[in-house]
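Q: File run.txt below, compact mmCIF, N, CA and C atoms:
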# COMPACT_ATOMS: atom_id res chain seq x y z
N MET A 913 109.23 110.49 -129.05
CA MET A 913 110.56 109.96 -129.30
C MET A 913 111.48 110.23 -128.11
N PHE A 914 111.33 111.43 -127.55
CA PHE A 914 112.15 111.76 -126.38
C PHE A 914 111.82 110.86 -125.20
N LEU A 915 110.55 110.56 -125.00
CA LEU A 915 110.16 109.68 -123.89
C LEU A 915 110.69 108.26 -124.09
N LEU A 916 110.69 107.80 -125.31
CA LEU A 916 111.24 106.48 -125.59
C LEU A 916 112.73 106.44 -125.31
N LEU A 917 113.44 107.49 -125.72
CA LEU A 917 114.87 107.57 -125.46
C LEU A 917 115.14 107.63 -123.96
N LEU A 918 114.37 108.39 -123.24
CA LEU A 918 114.51 108.48 -121.79
C LEU A 918 114.24 107.13 -121.13
N PHE A 919 113.22 106.44 -121.60
CA PHE A 919 112.89 105.12 -121.06
C PHE A 919 114.02 104.12 -121.28
N VAL A 920 114.58 104.09 -122.48
CA VAL A 920 115.67 103.16 -122.79
C VAL A 920 116.91 103.50 -121.98
N LEU A 921 117.24 104.76 -121.87
CA LEU A 921 118.41 105.15 -121.09
C LEU A 921 118.24 104.83 -119.61
N SER A 922 117.04 104.98 -119.10
CA SER A 922 116.82 104.63 -117.69
C SER A 922 116.93 103.12 -117.48
N ILE A 923 116.44 102.33 -118.40
CA ILE A 923 116.59 100.87 -118.30
C ILE A 923 118.06 100.49 -118.32
N GLN A 924 118.83 101.08 -119.22
CA GLN A 924 120.25 100.78 -119.28
C GLN A 924 120.97 101.20 -118.01
N PHE A 925 120.62 102.35 -117.47
CA PHE A 925 121.25 102.82 -116.25
C PHE A 925 120.97 101.88 -115.08
N PHE A 926 119.70 101.51 -114.89
CA PHE A 926 119.36 100.64 -113.77
C PHE A 926 119.92 99.23 -113.95
N THR A 927 119.99 98.76 -115.17
CA THR A 927 120.59 97.45 -115.41
C THR A 927 122.07 97.47 -115.05
N TYR A 928 122.77 98.53 -115.45
CA TYR A 928 124.19 98.66 -115.10
C TYR A 928 124.35 98.78 -113.58
N TRP A 929 123.49 99.56 -112.95
CA TRP A 929 123.57 99.80 -111.52
C TRP A 929 123.34 98.52 -110.71
N ILE A 930 122.44 97.66 -111.20
CA ILE A 930 122.12 96.43 -110.48
C ILE A 930 123.17 95.35 -110.73
N PHE A 931 123.59 95.16 -112.00
CA PHE A 931 124.44 94.03 -112.34
C PHE A 931 125.92 94.34 -112.41
N GLU A 932 126.34 95.59 -112.30
CA GLU A 932 127.76 95.91 -112.38
C GLU A 932 128.56 95.31 -111.23
N PRO A 933 128.09 95.36 -109.96
CA PRO A 933 128.88 94.71 -108.90
C PRO A 933 129.07 93.21 -109.11
N LEU A 934 128.01 92.54 -109.56
CA LEU A 934 128.11 91.10 -109.82
C LEU A 934 129.08 90.81 -110.94
N SER A 935 129.02 91.58 -112.01
CA SER A 935 129.91 91.34 -113.14
C SER A 935 131.35 91.66 -112.80
N SER A 936 131.60 92.69 -112.00
CA SER A 936 132.98 92.99 -111.62
C SER A 936 133.52 91.91 -110.68
N PHE A 937 132.66 91.37 -109.80
CA PHE A 937 133.10 90.27 -108.93
C PHE A 937 133.43 89.03 -109.75
N LEU A 938 132.58 88.69 -110.72
CA LEU A 938 132.85 87.53 -111.55
C LEU A 938 134.10 87.75 -112.41
N GLU A 939 134.31 88.96 -112.88
CA GLU A 939 135.51 89.25 -113.65
C GLU A 939 136.76 89.07 -112.80
N TYR A 940 136.71 89.49 -111.54
CA TYR A 940 137.84 89.29 -110.64
C TYR A 940 138.04 87.82 -110.31
N LEU A 941 136.93 87.11 -110.09
CA LEU A 941 137.00 85.71 -109.71
C LEU A 941 137.49 84.83 -110.85
N LEU A 942 136.99 85.09 -112.05
CA LEU A 942 137.32 84.26 -113.20
C LEU A 942 138.37 84.93 -114.08
N GLU A 943 139.52 85.22 -113.48
CA GLU A 943 140.60 85.79 -114.26
C GLU A 943 141.12 84.75 -115.25
N ILE A 944 141.91 85.20 -116.18
CA ILE A 944 142.43 84.31 -117.22
C ILE A 944 143.24 83.16 -116.61
N ARG A 945 143.97 83.42 -115.55
CA ARG A 945 144.79 82.35 -114.96
C ARG A 945 143.95 81.29 -114.27
N LEU A 946 142.72 81.63 -113.86
CA LEU A 946 141.86 80.67 -113.20
C LEU A 946 140.89 79.99 -114.16
N PHE A 947 140.82 80.49 -115.39
CA PHE A 947 139.83 79.96 -116.33
C PHE A 947 140.00 78.48 -116.63
N PRO A 948 141.22 77.95 -116.85
CA PRO A 948 141.33 76.50 -117.11
C PRO A 948 140.82 75.64 -115.96
N ILE A 949 141.05 76.06 -114.74
CA ILE A 949 140.59 75.29 -113.58
C ILE A 949 139.07 75.29 -113.52
N VAL A 950 138.48 76.45 -113.72
CA VAL A 950 137.02 76.56 -113.68
C VAL A 950 136.39 75.77 -114.83
N ALA A 951 136.98 75.87 -116.02
CA ALA A 951 136.45 75.12 -117.16
C ALA A 951 136.55 73.61 -116.92
N LEU A 952 137.64 73.15 -116.32
CA LEU A 952 137.79 71.73 -116.03
C LEU A 952 136.75 71.27 -115.02
N ILE A 953 136.49 72.06 -114.00
CA ILE A 953 135.47 71.71 -113.01
C ILE A 953 134.09 71.65 -113.65
N VAL A 954 133.79 72.60 -114.52
CA VAL A 954 132.49 72.60 -115.20
C VAL A 954 132.35 71.38 -116.10
N LEU A 955 133.39 71.03 -116.82
CA LEU A 955 133.32 69.86 -117.71
C LEU A 955 133.17 68.56 -116.91
N ILE A 956 133.87 68.46 -115.81
CA ILE A 956 133.73 67.26 -114.97
C ILE A 956 132.32 67.18 -114.41
N TRP A 957 131.76 68.31 -114.00
CA TRP A 957 130.40 68.32 -113.47
C TRP A 957 129.38 67.97 -114.55
N LEU A 958 129.59 68.48 -115.77
CA LEU A 958 128.64 68.19 -116.85
C LEU A 958 128.64 66.73 -117.24
N PHE A 959 129.81 66.12 -117.28
CA PHE A 959 129.91 64.75 -117.77
C PHE A 959 130.01 63.72 -116.65
N SER A 960 129.72 64.11 -115.43
CA SER A 960 129.78 63.14 -114.35
C SER A 960 128.58 62.20 -114.44
N GLY A 961 128.74 61.01 -113.91
CA GLY A 961 127.70 60.00 -113.99
C GLY A 961 126.50 60.31 -113.11
N LYS A 962 126.69 61.14 -112.09
CA LYS A 962 125.59 61.45 -111.19
C LYS A 962 124.50 62.27 -111.85
N ASN A 963 124.86 63.04 -112.87
CA ASN A 963 123.88 63.93 -113.50
C ASN A 963 123.05 63.21 -114.57
N ILE A 964 123.43 62.02 -114.96
CA ILE A 964 122.70 61.31 -115.99
C ILE A 964 121.60 60.49 -115.33
N GLU A 965 120.38 60.70 -115.75
CA GLU A 965 119.27 59.94 -115.20
C GLU A 965 119.35 58.50 -115.71
N LYS A 966 119.23 57.56 -114.81
CA LYS A 966 119.28 56.15 -115.19
C LYS A 966 117.89 55.55 -115.06
N ASN A 967 117.52 54.75 -116.05
CA ASN A 967 116.19 54.13 -116.05
C ASN A 967 116.19 52.87 -115.24
Represent the structure from my file as structure tokens, please.

A:
Amino acid sequence: MFLLLLFVLSIQFFTYWIFEPLSSFLEYLLEIRLFPIVALIVLIWLFSGKNIEKN
């Protein structure tokens, strides 16, 4: 049981260590004031005609 707990805690530690810089950068980049602009760009990209395959 102790080894399993140690294994899980080490996985959580390394996951935080690897992805924390990326998540903090994205949190800074996608602040609440920028969210409408980013959401609008994503929606335009999703529904643009270039992404639809034409037969």

Q: Report, in Å to a single decimal, how far apart atom CA of A:Glu932 and atom C of A:Pro948 are.

A: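 The value is 24.4 Å.
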
Q: Distance atom N of A:Leu955-atom CA of A:Leu942, one decimal place?

A: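 Going from atom N of A:Leu955 over to atom CA of A:Leu942, I get 14.3 Å.
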
Q: Calculate how many Å separate atom C of A:Ser935 from atom C of A:Ile953, rounding to one decimal.

A: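 So the two atoms, atom C of A:Ser935 and atom C of A:Ile953, lie 20.2 Å apart.
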